[in-house]
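Please read the structure below before turning to the comments.
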Amino acid sequence: MSDTTHGGAVAVSSPPSADDGLSAAELAAKYGLAVSGARPGLLEYVRQLQGRRHFILAFSRAKLTAQYSQAKLGQLWQVATPLLNAAVYFLIFGLILGTKKGIPQEVFIPFLVTGVFVFTFTQSSVMAGVRAISGNLGLVRALHFPRASLPISFSLQQLQQLLYSMIVLVAVTVGFGSYPRLSWLLVIPALVMQFFFNTGLALAMARMGAKTPDLAQLMPFVMRTWMYASGVMFSIPVMLADKPAWITDVLQYNPAAIYMDLVRFALIDGYGSENLPDHVWAVALAWSIAVGIVGFVYFWKAEERYGRG
């Protein structure tokens with residue numbers, strides 16, 4: 001189409017476009033465009049994570065190696081730190097406060113060391129999860145990858161650290177008269193369930209920590225309270241024998257206590273099934289599935305907001 005102007009020049013106008021009147025969303029749908037960094041569907045997100053499995057493993061190994069790279073004892077601190085914590089707790093709670101009540105001496109020390117090591121696994125995973133996004137903003141903003149890779153990698157790092165600590169735990173257990181037997185194999189499903197529980201919790205905390213960085217300052221107090229309520233240094237049924245039964249049930253069925261007791265039951269000869277709550281394996285599995293799935297979905301829902309603002 002053309003029109004003649006007053007000066008004799010000819011102005012050419014373009015014909016109407018087929019896109020005229022379409023909204024931005026309709027244009028995007030027409031040409032197959034997507035928002036940069038948009039959240040993929042849940043199944044697609046899982047597929048992307050599976051494709052980044054080598055990165056997740058390599059990142060966790062690198063973090064584990066770098067954790068004590070500046071210390072003279074290096075990786076020995078991976079086992080020395082929880083072992084020193086156990087020694088302090090034994091001095092304060094075992095000898096001074098007498099929390100070994102109802103537990104023989106040859107059982108109490110492996111009982112305590114197991115509790116410290118297993119609870120530290122959860123504690124470290126949660127603390128690492130809180131900072132997984134906020135502490136790695138440079139990486140998050142520079143590269144496009146499923147952000148769940150970070151908290152999952154940190155949980156995997158803590159699992160690897162626990163496996164190093166298990167060498168010391170086995171030595172302590174054997175040193176106090178509990179020798180290898182078939183029940184030791186129960187440690188494997190117990191730690192697998194705890195890993196899934198920890199990962200779900202780390203994912204949830206990563207989303208909250210990304211939005212509220214100050215959460216990292218609060219969490220040590222929350223974790224310390226959880227530790228004291230989980231029977232790390234004492235037997236919950238024995239210490240609460242004179243309290244209402246529901247208090248004992250609440251503390252025994254909390255996931256930290258559940259996973260500690262399963263590992264204790266597997267490794268320590270003098271720690272029998274009478275110390276475990278009813279249906280303990282079913283409860284442990286329920287905690288791992290519920291927290292693992294809910295934590296993952298909760299994190300995925302905010303995928304497109306990480307690293308922005």
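Each chain of the structure tokens is named A, B, ... in the order shown, its residues numbered from 1; ligands are numbered from 1 in display order.
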(message) Report as an MDAnalysis selection string all protein, DNA and RNA residues lying within 6 Å of stretch 261-274 of chain A, evaluated on only C-alpha atoms, omitting residues in the same chain fewer than 5 positions from it.
(response) chainID A and resid 178 183:184 186:187
(request) Find the residues near A:Leu201: any atom within 9 Å, counting only C-alpha atoms, skip ones fewer than 2 places away on the same chain, and give them as a PyMOL selection string. (result) chain A and resi 122+125-126+129+196-199+203-206+291-292+294-296
Selection from above, all heavy atoms, as a short mmCIF file (atom, residue, chain, number, x, y, z; two decimals), in the first residue's frame, can you write it?
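Result written to result15.cif:
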```
data_model
loop_
_atom_site.label_atom_id
_atom_site.label_comp_id
_atom_site.auth_asym_id
_atom_site.auth_seq_id
_atom_site.Cartn_x
_atom_site.Cartn_y
_atom_site.Cartn_z
N THR A 122 22.97 -35.11 60.11
CA THR A 122 21.78 -34.30 59.84
C THR A 122 22.06 -32.82 60.07
O THR A 122 21.69 -31.97 59.25
CB THR A 122 20.61 -34.76 60.74
OG1 THR A 122 20.21 -36.08 60.37
CG2 THR A 122 19.42 -33.82 60.60
N SER A 125 24.14 -31.30 57.26
CA SER A 125 23.38 -31.22 56.01
C SER A 125 22.43 -30.03 56.03
O SER A 125 22.29 -29.30 55.04
CB SER A 125 22.59 -32.51 55.79
OG SER A 125 23.45 -33.63 55.66
N VAL A 126 21.76 -29.83 57.17
CA VAL A 126 20.83 -28.71 57.29
C VAL A 126 21.57 -27.38 57.22
O VAL A 126 21.16 -26.46 56.50
CB VAL A 126 20.03 -28.81 58.61
CG1 VAL A 126 19.22 -27.54 58.85
CG2 VAL A 126 19.11 -30.02 58.57
N GLY A 129 22.68 -26.73 53.80
CA GLY A 129 21.53 -26.42 52.95
C GLY A 129 21.08 -24.99 53.08
O GLY A 129 20.70 -24.35 52.09
N PHE A 196 18.13 -39.43 52.51
CA PHE A 196 16.99 -38.86 51.81
C PHE A 196 16.25 -37.85 52.69
O PHE A 196 15.80 -36.80 52.21
CB PHE A 196 16.03 -39.95 51.33
CG PHE A 196 16.50 -40.64 50.08
CD1 PHE A 196 17.09 -41.89 50.12
CD2 PHE A 196 16.35 -40.02 48.85
CE1 PHE A 196 17.54 -42.51 48.97
CE2 PHE A 196 16.79 -40.64 47.68
CZ PHE A 196 17.38 -41.89 47.74
N PHE A 197 16.14 -38.16 53.97
CA PHE A 197 15.52 -37.21 54.91
C PHE A 197 16.35 -35.93 54.97
O PHE A 197 15.81 -34.82 54.86
CB PHE A 197 15.43 -37.84 56.31
CG PHE A 197 15.05 -36.86 57.38
CD1 PHE A 197 13.72 -36.51 57.57
CD2 PHE A 197 16.02 -36.28 58.19
CE1 PHE A 197 13.37 -35.59 58.55
CE2 PHE A 197 15.67 -35.36 59.18
CZ PHE A 197 14.34 -35.01 59.36
N ASN A 198 17.66 -36.05 55.13
CA ASN A 198 18.54 -34.89 55.21
C ASN A 198 18.47 -34.05 53.94
O ASN A 198 18.47 -32.81 54.00
CB ASN A 198 19.99 -35.33 55.43
CG ASN A 198 20.22 -35.92 56.81
OD1 ASN A 198 19.34 -35.89 57.67
ND2 ASN A 198 21.39 -36.45 57.03
N THR A 199 18.44 -34.72 52.79
CA THR A 199 18.41 -34.01 51.52
C THR A 199 17.13 -33.21 51.37
O THR A 199 17.14 -32.04 50.95
CB THR A 199 18.56 -34.99 50.35
OG1 THR A 199 19.80 -35.71 50.49
CG2 THR A 199 18.58 -34.25 49.02
N LEU A 203 17.01 -29.16 51.13
CA LEU A 203 16.35 -28.47 50.01
C LEU A 203 15.37 -27.43 50.53
O LEU A 203 15.32 -26.29 50.03
CB LEU A 203 15.64 -29.49 49.12
CG LEU A 203 16.53 -30.33 48.21
CD1 LEU A 203 15.79 -31.57 47.73
CD2 LEU A 203 17.01 -29.51 47.02
N ALA A 204 14.58 -27.81 51.53
CA ALA A 204 13.63 -26.86 52.10
C ALA A 204 14.35 -25.68 52.74
O ALA A 204 13.96 -24.52 52.56
CB ALA A 204 12.74 -27.57 53.13
N MET A 205 15.42 -25.97 53.48
CA MET A 205 16.16 -24.90 54.14
C MET A 205 16.89 -24.03 53.12
O MET A 205 17.09 -22.83 53.35
CB MET A 205 17.15 -25.49 55.14
CG MET A 205 16.52 -26.29 56.27
SD MET A 205 15.21 -25.40 57.14
CE MET A 205 16.11 -23.98 57.75
N ALA A 206 17.30 -24.60 52.00
CA ALA A 206 17.97 -23.82 50.95
C ALA A 206 17.03 -22.76 50.39
O ALA A 206 17.44 -21.61 50.16
CB ALA A 206 18.47 -24.74 49.84
N VAL A 291 9.62 -36.21 53.96
CA VAL A 291 10.46 -35.00 53.96
C VAL A 291 11.24 -34.88 52.66
O VAL A 291 11.42 -33.78 52.13
CB VAL A 291 11.42 -35.03 55.18
CG1 VAL A 291 12.39 -33.84 55.13
CG2 VAL A 291 10.62 -34.99 56.47
N GLY A 292 11.70 -36.02 52.11
CA GLY A 292 12.43 -35.98 50.85
C GLY A 292 11.59 -35.42 49.71
O GLY A 292 12.04 -34.53 48.98
N VAL A 294 8.52 -33.74 49.91
CA VAL A 294 8.01 -32.40 50.19
C VAL A 294 9.12 -31.36 50.05
O VAL A 294 8.91 -30.28 49.47
CB VAL A 294 7.39 -32.34 51.60
CG1 VAL A 294 7.06 -30.90 52.00
CG2 VAL A 294 6.12 -33.19 51.66
N GLY A 295 10.30 -31.66 50.57
CA GLY A 295 11.41 -30.72 50.46
C GLY A 295 11.81 -30.46 49.02
O GLY A 295 12.08 -29.33 48.63
N PHE A 296 11.82 -31.52 48.21
CA PHE A 296 12.19 -31.37 46.80
C PHE A 296 11.17 -30.52 46.05
O PHE A 296 11.54 -29.60 45.30
CB PHE A 296 12.31 -32.75 46.16
CG PHE A 296 12.75 -32.73 44.72
CD1 PHE A 296 14.08 -32.53 44.39
CD2 PHE A 296 11.81 -32.88 43.70
CE1 PHE A 296 14.47 -32.50 43.05
CE2 PHE A 296 12.21 -32.85 42.37
CZ PHE A 296 13.55 -32.66 42.05
#
```
Show me, as a JSON list (two decimals) with C-alpha atoms, in the first residue's frame, the residues that have an atom within 7 Å of stretch 36-52 of chain A when counting only C-alpha atoms, minus same-chain residues fewer than 3 positions from it.
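Result saved to part.json:
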```json
[["chain", "number", "residue", "atom", "x", "y", "z"],
["A", 55, "PHE", "CA", 28.60, -32.37, 38.46],
["A", 56, "ILE", "CA", 26.80, -33.07, 41.75],
["A", 146, "PRO", "CA", 19.01, -27.06, 38.17],
["A", 149, "SER", "CA", 22.09, -29.65, 42.46],
["A", 303, "GLU", "CA", 13.44, -22.53, 40.99],
["A", 304, "GLU", "CA", 13.09, -19.45, 38.77]]
```
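Taking only C-alpha atoms into account, A:Leu215 lies nearest to A:Ala128 out of the set A:Gln105, A:Thr99, A:Ala128, A:Val79.
Closest approach to A:Leu84 among A:Lys100, A:Val168, A:Leu137, A:Met239: A:Val168, based on only C-alpha atoms.
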(request) Please identify which residues in stretch 105-216 of chain A DSSP calls alpha helix (DSSP H) from the backbone, and express them as a VMD selection string. (result) chain A and resid 105 to 130 137 to 142 149 to 175 187 to 211 215 to 216
(request) Would you mind listing what lies within 12 Å of A:Leu169 as a ChimeraX atom specification, with only C-alpha atoms counted and same-chain residues fewer than 2 positions away left out? (result) /A:79-80,82-83,86,109-118,162-167,171-176,178,187,263-264,267-268
(message) What's around A:Phe121 at 9 Å? Count only C-alpha atoms, leave out sequence neighbours fewer than 6 positions away in its own chain, and write the answer as a PyMOL selection string.
(response) chain A and resi 155+158-159+161-162+194-195+198
Please save all heavy atoms of the selected residues as a PDB file, in the first residue's frame.
```pdb
ATOM      1  N   SER A 155      24.469 -32.307  50.770  1.00  0.00           N
ATOM      2  CA  SER A 155      24.052 -33.475  51.550  1.00  0.00           C
ATOM      3  C   SER A 155      24.934 -34.675  51.234  1.00  0.00           C
ATOM      4  O   SER A 155      25.294 -35.452  52.127  1.00  0.00           O
ATOM      5  CB  SER A 155      22.581 -33.814  51.256  1.00  0.00           C
ATOM      6  OG  SER A 155      21.724 -32.818  51.727  1.00  0.00           O
ATOM      7  N   GLN A 158      28.177 -34.381  53.086  1.00  0.00           N
ATOM      8  CA  GLN A 158      28.078 -34.789  54.491  1.00  0.00           C
ATOM      9  C   GLN A 158      27.986 -36.306  54.639  1.00  0.00           C
ATOM     10  O   GLN A 158      28.490 -36.873  55.612  1.00  0.00           O
ATOM     11  CB  GLN A 158      26.869 -34.115  55.143  1.00  0.00           C
ATOM     12  CG  GLN A 158      26.915 -32.599  55.118  1.00  0.00           C
ATOM     13  CD  GLN A 158      28.214 -32.040  55.665  1.00  0.00           C
ATOM     14  OE1 GLN A 158      28.759 -32.548  56.655  1.00  0.00           O
ATOM     15  NE2 GLN A 158      28.723 -30.990  55.037  1.00  0.00           N
ATOM     16  N   LEU A 159      27.368 -36.976  53.663  1.00  0.00           N
ATOM     17  CA  LEU A 159      27.330 -38.434  53.692  1.00  0.00           C
ATOM     18  C   LEU A 159      28.741 -39.002  53.543  1.00  0.00           C
ATOM     19  O   LEU A 159      29.112 -39.943  54.264  1.00  0.00           O
ATOM     20  CB  LEU A 159      26.429 -38.966  52.578  1.00  0.00           C
ATOM     21  CG  LEU A 159      26.375 -40.487  52.433  1.00  0.00           C
ATOM     22  CD1 LEU A 159      25.832 -41.135  53.705  1.00  0.00           C
ATOM     23  CD2 LEU A 159      25.533 -40.891  51.219  1.00  0.00           C
ATOM     24  N   GLN A 161      31.470 -37.551  54.378  1.00  0.00           N
ATOM     25  CA  GLN A 161      32.193 -37.269  55.625  1.00  0.00           C
ATOM     26  C   GLN A 161      31.794 -38.261  56.708  1.00  0.00           C
ATOM     27  O   GLN A 161      32.640 -38.717  57.494  1.00  0.00           O
ATOM     28  CB  GLN A 161      31.915 -35.841  56.078  1.00  0.00           C
ATOM     29  CG  GLN A 161      32.698 -35.450  57.326  1.00  0.00           C
ATOM     30  CD  GLN A 161      32.895 -33.948  57.432  1.00  0.00           C
ATOM     31  OE1 GLN A 161      32.924 -33.239  56.437  1.00  0.00           O
ATOM     32  NE2 GLN A 161      33.037 -33.472  58.647  1.00  0.00           N
ATOM     33  N   LEU A 162      30.513 -38.604  56.774  1.00  0.00           N
ATOM     34  CA  LEU A 162      30.069 -39.588  57.759  1.00  0.00           C
ATOM     35  C   LEU A 162      30.720 -40.940  57.518  1.00  0.00           C
ATOM     36  O   LEU A 162      31.090 -41.640  58.470  1.00  0.00           O
ATOM     37  CB  LEU A 162      28.545 -39.725  57.703  1.00  0.00           C
ATOM     38  CG  LEU A 162      27.962 -40.803  58.620  1.00  0.00           C
ATOM     39  CD1 LEU A 162      28.164 -40.446  60.093  1.00  0.00           C
ATOM     40  CD2 LEU A 162      26.484 -41.023  58.340  1.00  0.00           C
ATOM     41  N   GLN A 194      18.196 -41.917  56.134  1.00  0.00           N
ATOM     42  CA  GLN A 194      18.577 -40.644  56.729  1.00  0.00           C
ATOM     43  C   GLN A 194      19.092 -39.672  55.670  1.00  0.00           C
ATOM     44  O   GLN A 194      18.828 -38.464  55.743  1.00  0.00           O
ATOM     45  CB  GLN A 194      19.649 -40.847  57.808  1.00  0.00           C
ATOM     46  CG  GLN A 194      19.948 -39.558  58.582  1.00  0.00           C
ATOM     47  CD  GLN A 194      21.052 -39.736  59.603  1.00  0.00           C
ATOM     48  OE1 GLN A 194      21.699 -40.778  59.667  1.00  0.00           O
ATOM     49  NE2 GLN A 194      21.273 -38.715  60.415  1.00  0.00           N
ATOM     50  N   PHE A 195      19.815 -40.183  54.674  1.00  0.00           N
ATOM     51  CA  PHE A 195      20.315 -39.317  53.600  1.00  0.00           C
ATOM     52  C   PHE A 195      19.162 -38.666  52.848  1.00  0.00           C
ATOM     53  O   PHE A 195      19.192 -37.466  52.560  1.00  0.00           O
ATOM     54  CB  PHE A 195      21.189 -40.117  52.633  1.00  0.00           C
ATOM     55  CG  PHE A 195      21.570 -39.362  51.398  1.00  0.00           C
ATOM     56  CD1 PHE A 195      22.504 -38.336  51.448  1.00  0.00           C
ATOM     57  CD2 PHE A 195      20.981 -39.661  50.174  1.00  0.00           C
ATOM     58  CE1 PHE A 195      22.841 -37.621  50.304  1.00  0.00           C
ATOM     59  CE2 PHE A 195      21.316 -38.959  49.030  1.00  0.00           C
ATOM     60  CZ  PHE A 195      22.251 -37.937  49.100  1.00  0.00           C
ATOM     61  N   ASN A 198      17.660 -36.054  55.132  1.00  0.00           N
ATOM     62  CA  ASN A 198      18.543 -34.886  55.213  1.00  0.00           C
ATOM     63  C   ASN A 198      18.474 -34.046  53.941  1.00  0.00           C
ATOM     64  O   ASN A 198      18.468 -32.813  53.997  1.00  0.00           O
ATOM     65  CB  ASN A 198      19.990 -35.328  55.435  1.00  0.00           C
ATOM     66  CG  ASN A 198      20.219 -35.917  56.813  1.00  0.00           C
ATOM     67  OD1 ASN A 198      19.340 -35.887  57.666  1.00  0.00           O
ATOM     68  ND2 ASN A 198      21.393 -36.454  57.027  1.00  0.00           N
TER      69      ASN A 198
END
```
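If only C-alpha atoms are the atoms counted, then among A:Ala302, A:Leu285, A:Val170, A:Met127 the closest residue to A:Gln217 is A:Met127.
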(message) Residues near stretch 222-238 of chain A, anyone? I mean within 8 Å using only C-alpha atoms, not counting same-chain ones fewer than 5 positions away, as a ChimeraX atom specification.
(response) /A:89-90,93-94,99-103,112,115-116,119,123,248,251-252,254,256-257,260,275
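Relative to atom CA of A:Phe221, atom CA of A:Ala87 is found at 21.1 Å.
A straight line drawn from atom CA of A:Tyr298 to atom CA of A:Ile133 is 14.4 Å long.
Among the candidate residues A:Leu64, A:Ala210, A:Ala290, A:Leu276, the one lying nearest to A:Ser153 is A:Leu64, with distances computed using only C-alpha atoms.
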